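Visitor: Below you'll find the structure I mean.
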Amino acid sequence: MKFQSQKVAWGFFATCMLLFTLQIVYGFIMAFAHAGFDGLHQWIPFNTARASHTNLLVMWMLSGFMGAAYWIIPDETDRELAWPKLAWAQLIAFVVVGVTALIGFHFNWWEGRKFLEIPRPLDFLVVADVLLFIANIGWTVWKSPKKSTTSMVLFFGLLAAALLYLPGMIPTDNQTVDSFWRWWVVHLWVEGVWELIMGAILSYLLIKLTGVDREIIEKWLYVIVGFTFLSGILGTGHHYYYIGTPRYWLMVGGVFSALEPLSFLGMAIYAFAMAKKGGRTHPNRVALLWTVGCAFMSFVGAGFLGFAHTIPQVNMYTHGTLVTAMHGHMAFWGAYAMLILGIITYSMPLLTGRKLYEHVTAGFAFWVSNVGMVAMTLAFAVAGVTQVVLERRVGMDFLTVQKEISVHFIGLILAASLFTLGAAAFIWNFIRYGMPNAPVTGVAVAKE
Amino acid sequence: MRLLTWAALVGLAGVAVASGRPFVAVSLGGVKALLVGFEFMELRHAHRLHLALFSAGIVALTALLAFLVTR
Amino acid sequence: MTRPLTEPPGGVLMWLIVALELVTFAMVFTLIGVLRMQQPALFHAGQAALSSTVGLVFTLLLITSGLLAAEAVHAYRLTRTHRAQRFLFAAIALGLAFVAFKLHDTAGHLAAGHRLGVDDFWDAYFLGTGFHLAHVLVGLVLLSVVAFRLHRARPPELETVAAVALFWHLCDLAWFFLFPLFFARA
Ligand code: HEM
Ligand code: HEM
Ligand SMILES: [Fe+2]
């Protein structure tokens, strides 16, 4: 590693591994409940498991982004982090808030708004914590004479993500108004500013791993990400169908969200082209695999499967069913989980000085988790389509349909087991890497 | 050439309004789009493939819209 | 002279943008066409409130402005910078006239009770022409930035001027289809 303060990234990545593990546990609790084995119901009812599963996911994504930023920013700006101690403090605070929220869910302390279940007082703490993080990397970038496009995009993406958390806190007692603002967070995160973060991390990884000129990668990747971002803003309309918002959202959402897959396709093609162009010189091949895999799987999960239910006439039937869960899994996995696992795979050898990327478990983790995730997506798809037909075309009762489709969750459990095998290999590798003790090679810029 | 193109565009717009028929107006819209593409966007000087792609796109769109407005 | 595949007039980046914009506009037009097909009576009533003369004025403003932008590129290619700048300013002036007239026209519609949310026709009308207007505004900003820089110590490259003009022509293209969909009637 180049700078001493980059070590803090390891703390965030370790947190990711922990939260990821817990997320999978709650996923299984739900899958078994769906399949008819709800033995834990008394202690962990479905709503608790669901809130825990998705919030752990969001938490580890945020933790991964912060870790990635603490790793990338010193490298890109060529200096130590402004306040390394603050970074550690901010990590601990983040974990404390997260654990509090998680425990709270089990005592019915939650808000009941999908993905934003964290209770209001904790919301403020999350915002404060993330602002400390933004200040830390912002000051580091500001102080450095080197302002690369990548570090700027990363910074502004993270800043915008922090600010976009606020609309979700606008108080209202109207269900429609509440939904309206909730999507400003959920949608404008994953299909808006998070894509800027994704673009920055992807371009950092491609620059490092393919050896293609920075100018080429930065220019075109940011053009593509710009398209995704712009279409994503008006694409928010695809959540405003039939929820009490004006009718014209059908047109706005339909047109602009249908455009989003184009840019995901562009990103996938671009990543493949760069990997090919750059040759295979970098020894950390698995990291490149995760990087290109991320671009490809986000096209499949977000672009293709998102498109599958984004047209109003289709969404009218699929809204809020397991079809959504099918898309949600593959999109989050492809776009953001793989991205974070990619930057972890890239940085761990440099953090710890060990080269475990040559070990079989590294490639195994990639392939098995991805095959597992594809299988999970298929299981959700079959369950989802059956649900749509029975519930919304045949008109059967919700609970009757849930019974009908419970058998598909046996399939899901099998697929998820495969996925978990891959995930376990990744986490096992992470543990074997050990502590971040590699020698510091960069010349530390003296603090002013 | 540019001035001539402009005159043609004005003329076609006039005809479209005078005819008042959606089918005619859409078709003439396609012709106008091709004219602007060839002359103002300078596709006349571009690689043949660019010219072909652009023309094909405009023709397809015009055909689709002309079909829709006559239904 | 024929250009190579990698150098379309105006540059790859702007052509990429124009191509994506055209795809977007094509989707918008198709949507309008489908709505029109599904609800002919509604469209008929809505169109009765639109004047084809007004539509024609919009068209003339845009194509004349487009001609001026094309002339500016030509003059700049011949390194006649002053002439190019005058053409650009003239193009901008007509673009501004379009915006002013559009706002005036829209004010009239609003006064008559035509607004977003009334029915599918007015939703399509305001969203479609509004999306077009947004492009005109962006185009005007681009044209202005380039026009004011022509006399700087480091003037923009020819390709930049051509790229901006290209975006401006895109606004014409889009209008050529919006116009018949809304303003032409039997
Ligand atoms: C990285 C990108 C993406 C991620 C992580 C993602 C994730 C998600 C998640 C978690 C949901 C469920 C949200 C909720 O109900 O609270 C959702 C819903 C949805 N997504 Fe995405 N998505 C992404 C991109 C896209 C794209 C590009 C499209 C369209 C082309 C799309 C279309 C949709 C639609 C239509 C819904 C609503 C489903 C419903 O009505 O229940 N998504 N997405
Ligand atoms: C390996 C084990 C996993 C299992 C068994 C599992 C299972 C489930 C189940 C049963 C649901 C609830 C669906 C419902 O509402 O009925 C769910 C929701 C969700 N899971 Fe997982 N999951 C797993 C891993 C993951 C991973 C790795 C991700 C992300 C990368 C993820 C992202 C999500 C999301 C975004 C939702 C919410 C979907 C929606 O909005 O409808 N899950 N999961
Ligand atoms: Fe969305």
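Letters A, B, ... mark the chains of the structure tokens in the order given; residue numbers begin at 1 per chain; ligand numbers begin at 1, in order shown.
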Identify, on the basis of only C-alpha atoms, every residue whose closest approach to Ile44 of chain A does not exceed 10 Å; exclude the query and any residue fewer than 4 positions from it along the same chain; express the result as a PDB file with all heavy atoms, in the first residue's frame.

Guide:
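Okay, this is what ended up in around-v8.pdb:
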```pdb
ATOM      1  N   TYR A  26     -30.174 -13.966   7.439  1.00  0.00           N
ATOM      2  CA  TYR A  26     -31.568 -13.509   7.414  1.00  0.00           C
ATOM      3  C   TYR A  26     -32.256 -13.913   6.102  1.00  0.00           C
ATOM      4  O   TYR A  26     -33.450 -14.175   6.080  1.00  0.00           O
ATOM      5  CB  TYR A  26     -31.656 -12.003   7.639  1.00  0.00           C
ATOM      6  CG  TYR A  26     -31.456 -11.627   9.087  1.00  0.00           C
ATOM      7  CD1 TYR A  26     -30.211 -11.214   9.547  1.00  0.00           C
ATOM      8  CD2 TYR A  26     -32.505 -11.732   9.990  1.00  0.00           C
ATOM      9  CE1 TYR A  26     -30.020 -10.895  10.868  1.00  0.00           C
ATOM     10  CE2 TYR A  26     -32.321 -11.416  11.324  1.00  0.00           C
ATOM     11  CZ  TYR A  26     -31.075 -10.997  11.762  1.00  0.00           C
ATOM     12  OH  TYR A  26     -30.895 -10.695  13.068  1.00  0.00           O
ATOM     13  N   ILE A  29     -33.450 -17.320   6.651  1.00  0.00           N
ATOM     14  CA  ILE A  29     -34.619 -17.346   7.547  1.00  0.00           C
ATOM     15  C   ILE A  29     -35.884 -17.072   6.736  1.00  0.00           C
ATOM     16  O   ILE A  29     -36.897 -17.772   6.861  1.00  0.00           O
ATOM     17  CB  ILE A  29     -34.455 -16.304   8.670  1.00  0.00           C
ATOM     18  CG1 ILE A  29     -33.302 -16.708   9.595  1.00  0.00           C
ATOM     19  CG2 ILE A  29     -35.759 -16.165   9.461  1.00  0.00           C
ATOM     20  CD1 ILE A  29     -32.979 -15.698  10.668  1.00  0.00           C
ATOM     21  N   MET A  30     -35.805 -16.089   5.833  1.00  0.00           N
ATOM     22  CA  MET A  30     -36.976 -15.745   5.017  1.00  0.00           C
ATOM     23  C   MET A  30     -37.313 -16.834   4.025  1.00  0.00           C
ATOM     24  O   MET A  30     -38.476 -17.148   3.776  1.00  0.00           O
ATOM     25  CB  MET A  30     -36.708 -14.451   4.251  1.00  0.00           C
ATOM     26  CG  MET A  30     -37.018 -13.230   5.039  1.00  0.00           C
ATOM     27  SD  MET A  30     -36.997 -11.820   3.938  1.00  0.00           S
ATOM     28  CE  MET A  30     -35.279 -11.692   3.572  1.00  0.00           C
ATOM     29  N   ASP A  38     -41.327 -21.934   9.343  1.00  0.00           N
ATOM     30  CA  ASP A  38     -41.162 -20.625   9.978  1.00  0.00           C
ATOM     31  C   ASP A  38     -40.998 -20.786  11.489  1.00  0.00           C
ATOM     32  O   ASP A  38     -41.630 -20.087  12.276  1.00  0.00           O
ATOM     33  CB  ASP A  38     -42.381 -19.755   9.636  1.00  0.00           C
ATOM     34  CG  ASP A  38     -42.069 -18.280   9.789  1.00  0.00           C
ATOM     35  OD1 ASP A  38     -40.898 -17.966  10.088  1.00  0.00           O
ATOM     36  OD2 ASP A  38     -42.983 -17.460   9.629  1.00  0.00           O
ATOM     37  N   GLY A  39     -40.130 -21.699  11.879  1.00  0.00           N
ATOM     38  CA  GLY A  39     -39.964 -22.015  13.292  1.00  0.00           C
ATOM     39  C   GLY A  39     -39.526 -20.847  14.157  1.00  0.00           C
ATOM     40  O   GLY A  39     -39.817 -20.799  15.350  1.00  0.00           O
ATOM     41  N   LEU A  40     -38.818 -19.916  13.563  1.00  0.00           N
ATOM     42  CA  LEU A  40     -38.311 -18.796  14.353  1.00  0.00           C
ATOM     43  C   LEU A  40     -39.328 -17.669  14.501  1.00  0.00           C
ATOM     44  O   LEU A  40     -39.013 -16.630  15.065  1.00  0.00           O
ATOM     45  CB  LEU A  40     -37.043 -18.246  13.689  1.00  0.00           C
ATOM     46  CG  LEU A  40     -35.806 -19.143  13.709  1.00  0.00           C
ATOM     47  CD1 LEU A  40     -34.705 -18.532  12.859  1.00  0.00           C
ATOM     48  CD2 LEU A  40     -35.328 -19.310  15.133  1.00  0.00           C
ATOM     49  N   THR A  48     -39.387  -8.646  10.391  1.00  0.00           N
ATOM     50  CA  THR A  48     -38.102  -8.348  11.030  1.00  0.00           C
ATOM     51  C   THR A  48     -36.957  -8.894  10.183  1.00  0.00           C
ATOM     52  O   THR A  48     -35.960  -8.205   9.938  1.00  0.00           O
ATOM     53  CB  THR A  48     -38.053  -8.987  12.425  1.00  0.00           C
ATOM     54  OG1 THR A  48     -39.124  -8.464  13.190  1.00  0.00           O
ATOM     55  CG2 THR A  48     -36.737  -8.691  13.105  1.00  0.00           C
ATOM     56  N   ALA A  49     -37.125 -10.118   9.717  1.00  0.00           N
ATOM     57  CA  ALA A  49     -36.069 -10.725   8.914  1.00  0.00           C
ATOM     58  C   ALA A  49     -35.851  -9.931   7.629  1.00  0.00           C
ATOM     59  O   ALA A  49     -34.716  -9.699   7.200  1.00  0.00           O
ATOM     60  CB  ALA A  49     -36.433 -12.170   8.568  1.00  0.00           C
ATOM     61  N   ARG A  50     -36.962  -9.486   7.036  1.00  0.00           N
ATOM     62  CA  ARG A  50     -36.861  -8.775   5.777  1.00  0.00           C
ATOM     63  C   ARG A  50     -36.150  -7.428   5.974  1.00  0.00           C
ATOM     64  O   ARG A  50     -35.239  -7.074   5.240  1.00  0.00           O
ATOM     65  CB  ARG A  50     -38.246  -8.542   5.188  1.00  0.00           C
ATOM     66  CG  ARG A  50     -38.205  -8.266   3.714  1.00  0.00           C
ATOM     67  CD  ARG A  50     -39.619  -8.094   3.176  1.00  0.00           C
ATOM     68  NE  ARG A  50     -39.609  -8.154   1.730  1.00  0.00           N
ATOM     69  CZ  ARG A  50     -39.041  -7.258   0.965  1.00  0.00           C
ATOM     70  NH1 ARG A  50     -38.430  -6.238   1.506  1.00  0.00           N
ATOM     71  NH2 ARG A  50     -39.065  -7.381  -0.351  1.00  0.00           N
ATOM     72  N   SER A  52     -34.137  -6.679   8.327  1.00  0.00           N
ATOM     73  CA  SER A  52     -32.737  -6.924   8.662  1.00  0.00           C
ATOM     74  C   SER A  52     -31.941  -7.269   7.409  1.00  0.00           C
ATOM     75  O   SER A  52     -30.846  -6.737   7.188  1.00  0.00           O
ATOM     76  CB  SER A  52     -32.631  -8.068   9.663  1.00  0.00           C
ATOM     77  OG  SER A  52     -33.422  -7.790  10.795  1.00  0.00           O
ATOM     78  N   PHE A 105     -34.818  -3.633  15.302  1.00  0.00           N
ATOM     79  CA  PHE A 105     -35.792  -4.334  14.441  1.00  0.00           C
ATOM     80  C   PHE A 105     -36.414  -5.520  15.183  1.00  0.00           C
ATOM     81  O   PHE A 105     -37.578  -5.845  14.979  1.00  0.00           O
ATOM     82  CB  PHE A 105     -35.120  -4.856  13.168  1.00  0.00           C
ATOM     83  CG  PHE A 105     -34.699  -3.772  12.212  1.00  0.00           C
ATOM     84  CD1 PHE A 105     -33.752  -4.035  11.231  1.00  0.00           C
ATOM     85  CD2 PHE A 105     -35.262  -2.503  12.271  1.00  0.00           C
ATOM     86  CE1 PHE A 105     -33.365  -3.051  10.331  1.00  0.00           C
ATOM     87  CE2 PHE A 105     -34.874  -1.512  11.369  1.00  0.00           C
ATOM     88  CZ  PHE A 105     -33.927  -1.790  10.406  1.00  0.00           C
ATOM     89  N   HIS A 106     -35.614  -6.176  16.018  1.00  0.00           N
ATOM     90  CA  HIS A 106     -36.109  -7.367  16.704  1.00  0.00           C
ATOM     91  C   HIS A 106     -37.029  -7.023  17.860  1.00  0.00           C
ATOM     92  O   HIS A 106     -37.645  -7.900  18.451  1.00  0.00           O
ATOM     93  CB  HIS A 106     -34.929  -8.218  17.175  1.00  0.00           C
ATOM     94  CG  HIS A 106     -34.177  -8.827  16.020  1.00  0.00           C
ATOM     95  ND1 HIS A 106     -33.346  -8.089  15.214  1.00  0.00           N
ATOM     96  CD2 HIS A 106     -34.174 -10.086  15.515  1.00  0.00           C
ATOM     97  CE1 HIS A 106     -32.850  -8.869  14.276  1.00  0.00           C
ATOM     98  NE2 HIS A 106     -33.333 -10.079  14.419  1.00  0.00           N
ATOM     99  N   PHE A 107     -37.080  -5.732  18.206  1.00  0.00           N
ATOM    100  CA  PHE A 107     -38.018  -5.313  19.251  1.00  0.00           C
ATOM    101  C   PHE A 107     -39.058  -4.374  18.678  1.00  0.00           C
ATOM    102  O   PHE A 107     -39.571  -3.503  19.356  1.00  0.00           O
ATOM    103  CB  PHE A 107     -37.250  -4.673  20.415  1.00  0.00           C
ATOM    104  CG  PHE A 107     -36.377  -5.655  21.123  1.00  0.00           C
ATOM    105  CD1 PHE A 107     -35.041  -5.804  20.767  1.00  0.00           C
ATOM    106  CD2 PHE A 107     -36.897  -6.480  22.114  1.00  0.00           C
ATOM    107  CE1 PHE A 107     -34.232  -6.735  21.394  1.00  0.00           C
ATOM    108  CE2 PHE A 107     -36.094  -7.416  22.742  1.00  0.00           C
ATOM    109  CZ  PHE A 107     -34.759  -7.547  22.385  1.00  0.00           C
TER     110      PHE A 107
END
```

Visitor: Dump the neighbourhood of ligand 1 as a ChimeraX atom specification: all residues within 6 Å, distances computed on only C-alpha atoms and all ligand atoms.

Guide: /A:114,190-191,238-239,257-258,260-261,302-303,306-307,309-310,315,319-320,324,328,331-332,335

Visitor: Write out as a PyMOL selection string the residues lying within 10 Å of segment 103-119 of chain C, counting only C-alpha atoms and excluding same-chain residues fewer than 4 positions away.

Guide: (chain A and resi 246-249) or (chain C and resi 42-43+46+49-50+54+97-99+123-127+130+133)

Visitor: Just the residues within 6 Å of segment 409-424 of chain A, please, counting only C-alpha atoms, with nothing from its chain fewer than 6 positions along; format it as number ranges by chain.

Guide: A: 35, 365, 368-369, 372-373, 375-376, 379

Visitor: Residues as selected, C-alpha atoms, written as an mmCIF file, in the first residue's frame, can you do that?

Guide:
```cif
data_model
loop_
_atom_site.group_PDB
_atom_site.id
_atom_site.type_symbol
_atom_site.label_atom_id
_atom_site.label_comp_id
_atom_site.auth_asym_id
_atom_site.auth_seq_id
_atom_site.Cartn_x
_atom_site.Cartn_y
_atom_site.Cartn_z
ATOM 1 C CA ALA A 35 -41.080 -22.593 2.098
ATOM 2 C CA ALA A 365 -15.558 -17.763 -4.904
ATOM 3 C CA VAL A 368 -19.666 -20.393 -7.533
ATOM 4 C CA SER A 369 -21.251 -17.269 -6.096
ATOM 5 C CA GLY A 372 -25.490 -19.491 -7.388
ATOM 6 C CA MET A 373 -26.871 -16.005 -7.868
ATOM 7 C CA ALA A 375 -29.827 -19.867 -10.020
ATOM 8 C CA MET A 376 -31.392 -17.829 -7.214
ATOM 9 C CA ALA A 379 -35.898 -19.473 -8.659
#
```

Visitor: Might you pull out every residue within 6 Å of segment 156-169 of chain A, with only C-alpha atoms counted and same-chain residues fewer than 3 positions away left off, and present them as a list of chain:residue names?

Guide: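 Close residues of segment 156-169 of chain A: A:Val153, A:Trp181, A:Arg182, A:Val185, A:Val193, A:Leu196, A:Ile197.
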
Visitor: Would you compute the distance between atom CA of Asn284 of chain A and atom CA of Trp60 of chain A? Give it in Å to one decimal.

Guide: 23.8 Å
